[in-house]
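Below is data-v7.txt, which holds compact mmCIF, C-alpha atoms.
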# COMPACT_ATOMS: atom_id res chain seq x y z
CA MET I 1167 13.36 -11.07 39.38
CA SER I 1168 9.92 -11.07 37.85
CA ALA I 1169 8.85 -13.65 35.29
CA ILE I 1170 8.71 -10.97 32.58
CA ASP I 1171 12.27 -9.81 33.29
CA GLU I 1172 13.48 -13.41 33.31
CA LEU I 1173 11.78 -14.06 29.96
CA LYS I 1174 13.35 -10.92 28.51
CA ASP I 1175 16.79 -12.05 29.69
CA LEU I 1176 16.27 -15.50 28.17
CA LEU I 1177 15.15 -13.98 24.88
CA CYS I 1178 18.14 -11.61 24.78
CA GLU I 1179 20.47 -14.56 25.30
CA ASP I 1180 18.64 -16.48 22.55
CA ILE I 1181 19.07 -13.57 20.15
CA ARG I 1182 22.78 -13.32 20.97
CA GLN I 1183 23.38 -17.04 20.54
CA LEU I 1184 21.23 -17.34 17.40
CA GLY I 1185 23.42 -14.61 15.89
CA LYS I 1186 26.49 -16.70 16.75
CA LEU I 1187 24.81 -19.77 15.28
CA ALA I 1188 24.10 -17.90 12.03
CA ASP I 1189 27.80 -16.96 11.83
CA ILE I 1190 28.83 -20.57 12.44
CA LEU I 1191 26.42 -21.80 9.76
CA GLY I 1192 27.94 -19.30 7.30
CA GLN I 1193 31.43 -20.55 8.14
CA GLU I 1194 30.18 -24.12 7.82
CA LYS I 1195 29.01 -23.42 4.27
CA SER I 1196 32.45 -22.06 3.40
CA CYS I 1197 34.11 -25.14 4.87
CA LEU I 1198 31.81 -27.40 2.87
CA SER I 1199 32.79 -25.54 -0.29
CA SER I 1200 36.50 -25.76 0.46
CA SER I 1201 36.41 -29.29 1.96
CA ASP I 1202 38.14 -28.11 5.16
CA VAL I 1203 37.24 -31.14 7.29
CA GLN I 1204 39.23 -30.11 10.36
CA GLN I 1205 37.58 -26.68 10.58
CA LEU I 1206 34.20 -28.28 9.82
CA ASP I 1207 34.63 -30.62 12.79
CA ASN I 1208 35.45 -27.68 15.06
CA LEU I 1209 32.42 -25.74 13.82
CA THR I 1210 30.18 -28.77 14.36
CA ARG I 1211 31.26 -28.98 18.00
CA GLN I 1212 30.60 -25.24 18.49
CA LYS I 1213 27.22 -25.56 16.78
CA ASN I 1214 26.20 -28.51 18.96
CA THR I 1215 27.17 -26.63 22.14
CA LEU I 1216 25.08 -23.63 21.10
CA LEU I 1217 22.13 -25.82 20.15
CA ASP I 1218 22.23 -27.57 23.54
CA GLN I 1219 22.16 -24.21 25.30
CA ILE I 1220 19.30 -22.95 23.12
CA ARG I 1221 17.28 -26.12 23.81
CA ASP I 1222 17.88 -25.77 27.53
CA ARG I 1223 16.67 -22.18 27.45
CA ALA I 1224 13.58 -23.20 25.47
CA GLY I 1225 12.48 -25.36 28.40
CA ARG I 1226 13.16 -22.53 30.82
CA LYS I 1227 11.14 -20.11 28.66
CA ILE I 1228 8.17 -22.49 28.67
CA ARG I 1229 8.31 -22.74 32.46
CA VAL I 1230 8.39 -18.93 32.73
CA LEU I 1231 5.49 -18.58 30.29
CA VAL I 1232 3.46 -21.10 32.28
CA ALA I 1233 4.21 -19.09 35.43
CA MET I 1234 2.91 -16.01 33.56
CA GLY I 1235 -0.37 -17.82 32.79
CA LEU I 1236 0.19 -19.64 29.49
CA ASN I 1237 -1.78 -22.85 29.18
CA PRO I 1238 0.66 -25.25 27.44
CA LYS I 1239 -2.24 -27.12 25.83
CA ALA I 1240 -3.63 -23.88 24.40
CA GLY I 1241 -0.77 -23.86 21.95
CA ASN I 1242 0.99 -20.91 20.46
CA PRO I 1243 3.24 -18.96 22.89
CA SER I 1244 3.60 -16.20 20.26
CA ARG I 1245 -0.08 -15.38 20.50
CA PHE I 1246 0.12 -15.36 24.31
CA ILE I 1247 3.09 -12.97 24.29
CA ARG I 1248 1.37 -10.65 21.81
CA SER I 1249 -1.74 -10.67 24.00
CA THR I 1250 0.26 -9.30 26.96
CA GLY I 1251 0.49 -5.95 25.18
CA MET I 1252 4.14 -5.52 26.18
CA GLN I 1253 5.79 -4.12 23.06
CA ASP I 1254 9.38 -4.69 24.21
CA LEU I 1255 8.71 -8.33 25.10
CA THR I 1256 6.87 -8.88 21.80
CA ALA I 1257 9.75 -7.29 19.86
CA LEU I 1258 12.31 -9.56 21.56
CA TRP I 1259 10.17 -12.64 20.88
CA GLU I 1260 9.72 -11.72 17.20
CA GLU I 1261 13.44 -11.01 16.75
CA ALA I 1262 14.31 -14.40 18.27
CA GLU I 1263 11.78 -16.09 15.96
CA ARG I 1264 13.20 -14.24 12.93
CA GLN I 1265 16.76 -15.27 13.75
CA LEU I 1266 15.68 -18.85 14.39
CA LYS I 1267 14.02 -19.04 10.96
CA GLU I 1268 17.15 -17.57 9.37
CA CYS I 1269 19.29 -20.24 11.05
CA GLN I 1270 16.89 -22.96 9.94
CA GLN I 1271 17.13 -21.71 6.35
CA GLN I 1272 20.94 -21.60 6.46
CA ASN I 1273 21.01 -25.09 7.95
CA ALA I 1274 18.72 -26.39 5.20
CA ASN I 1275 20.98 -24.82 2.57
CA ASN I 1276 24.04 -26.43 4.15
CA GLY I 1277 22.18 -29.75 4.20
CA ARG I 1278 21.55 -29.47 0.46
CA VAL I 1279 25.24 -28.70 -0.15
CA LEU I 1280 26.23 -31.68 1.98
CA SER I 1281 23.78 -33.94 0.16
CA HIS I 1282 25.20 -32.82 -3.18
CA LEU I 1283 28.75 -33.52 -1.97
CA GLN I 1284 27.72 -36.99 -0.77
CA LYS I 1285 26.13 -37.80 -4.13
CA ARG I 1286 29.23 -36.58 -5.94
CA LEU I 1287 31.48 -38.71 -3.73
CA SER I 1288 29.23 -41.72 -4.27
CA ARG I 1289 29.38 -41.21 -8.03
CA LEU I 1290 33.18 -40.94 -7.96
CA THR I 1291 33.40 -44.10 -5.87
CA GLU I 1292 31.26 -45.93 -8.42
CA ILE I 1293 33.51 -44.75 -11.23
CA PHE I 1294 36.60 -46.00 -9.38
CA ARG I 1295 34.96 -49.38 -8.81
CA GLY I 1296 33.94 -49.56 -12.45
CA ALA I 1297 30.24 -49.60 -11.63
CA SER I 1298 29.30 -46.45 -13.56
CA GLY I 1299 27.55 -48.32 -16.41
CA GLN I 1300 25.32 -50.41 -14.18
CA GLN I 1301 21.59 -50.02 -13.79
CA GLN I 1302 20.20 -48.05 -10.87
CA LEU I 1303 17.28 -48.56 -8.51
CA TYR I 1304 15.78 -46.12 -6.04
CA GLY I 1305 15.58 -46.97 -2.36
CA ALA I 1306 12.85 -46.09 0.13
CA GLN I 1307 14.49 -42.73 0.92
CA GLY I 1308 14.89 -41.81 -2.77
CA GLN I 1309 18.58 -42.61 -2.90
CA GLN I 1310 20.03 -44.33 -5.95
CA THR I 1311 21.69 -47.74 -5.65
CA ARG I 1312 23.50 -49.69 -8.31
CA VAL I 1313 22.37 -53.15 -9.37
CA SER I 1314 25.28 -55.52 -9.71
CA ASN I 1315 25.22 -57.68 -12.82
CA SER I 1316 28.07 -59.95 -11.87
CA ASN I 1317 27.95 -63.50 -13.13
CA VAL I 1318 29.56 -66.25 -11.13
CA LEU I 1319 31.62 -68.40 -13.48
CA ALA I 1320 32.81 -70.86 -10.88
CA SER I 1321 32.83 -71.31 -7.14
CA ALA I 1322 35.01 -73.36 -4.86

Can you present the structure in this file as structure tokens?
Amino acid sequence: MSAIDELKDLLCEDIRQLGKLADILGQEKSCLSSSDVQQLDNLTRQKNTLLDQIRDRAGRKIRVLVAMGLNPKAGNPSRFIRSTGMQDLTALWEEAERQLKECQQQNANNGRVLSHLQKRLSRLTEIFRGASGQQQLYGAQGQQTRVSNSNVLASA
């Protein structure tokens, strides 16, 4: 099999699996909304398996591109693929890039939903502990922390 055919096969598999990943990320968002922890755990395992396979293929694609003449220090593989003049290879590469960006956007959205849920849980926990009226400080990562104003009346 030629390097070009191998790269096309790898890109087709990327496109297929990135489509699956987009579906999983959509399901993940639904699970976050409905607080279905068991299904969320299952989706996380599926997502991690897909990501491992995609990462593995990324290394294989780089090796194939180097065999085709790409200088890894020259940078952008997209430019190299476009310079080959092979329209079908360029189309596959661009579709894989498009789907990857879509997955990154969905993942960022899910991260924002998760962050919101964590803040809400933290706020509820503070209310249960009776710490809702206390002053707040911001930590190095921008997270809010409560300042305890407890006075020790006696100690043993």

| query | Which residues, written as number ranges by chain, have at least one atom at most 9 Å from Leu1187 of chain I, with all atoms listed in the file counted and residues fewer than 6 positions away on the same chain left out? | reply | I: 1212-1213, 1216-1217, 1269

| said: What's the separation between atom CA of Pro1238 of chain I and atom CA of Glu1261 of chain I, in Å to one decimal place? | reply: 21.9 Å

| field | Selection as a ChimeraX atom specification: residues within 10 Å of (14.3, -9.9, 19.8), counting only C-alpha atoms | value | /I:1174,1177-1182,1254-1265

| In Å, how far is it from atom CA of Asp1218 of chain I to atom CA of Ala1169 of chain I? |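 So the two atoms, atom CA of Asp1218 of chain I and atom CA of Ala1169 of chain I, lie 22.6 Å apart.
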
| request: Give me the residues within 8 Å of Leu1198 of chain I as JSON, numbers by chain, counting only C-alpha atoms and dropping any in the same chain fewer than 5 places off. | output: {"I": [1203, 1206, 1276, 1279, 1280]}

| query | In Å, with one decimal, what is the gap from atom CA of Gln1219 of chain I to atom CA of Gly1241 of chain I? | reply | 23.2 Å

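Of the listed residues (I:Leu1173, I:Phe1246, I:Leu1209, I:Ala1188), I:Leu1173 comes nearest to Gly1225 of chain I; the distances count all atoms listed in the file.
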
| said: Under the rule that only C-alpha atoms are counted, which of I:Arg1286, I:Arg1295, I:Arg1226, I:Arg1221 is the nearest residue to Leu1176 of chain I? | reply: I:Arg1226

| field | Using all atoms listed in the file: which of I:Gln1307, I:Ser1168, I:Thr1210, I:Gln1204 has the shortest distance to Leu1231 of chain I | value |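 Smallest distance to Leu1231 of chain I is found for I:Ser1168.
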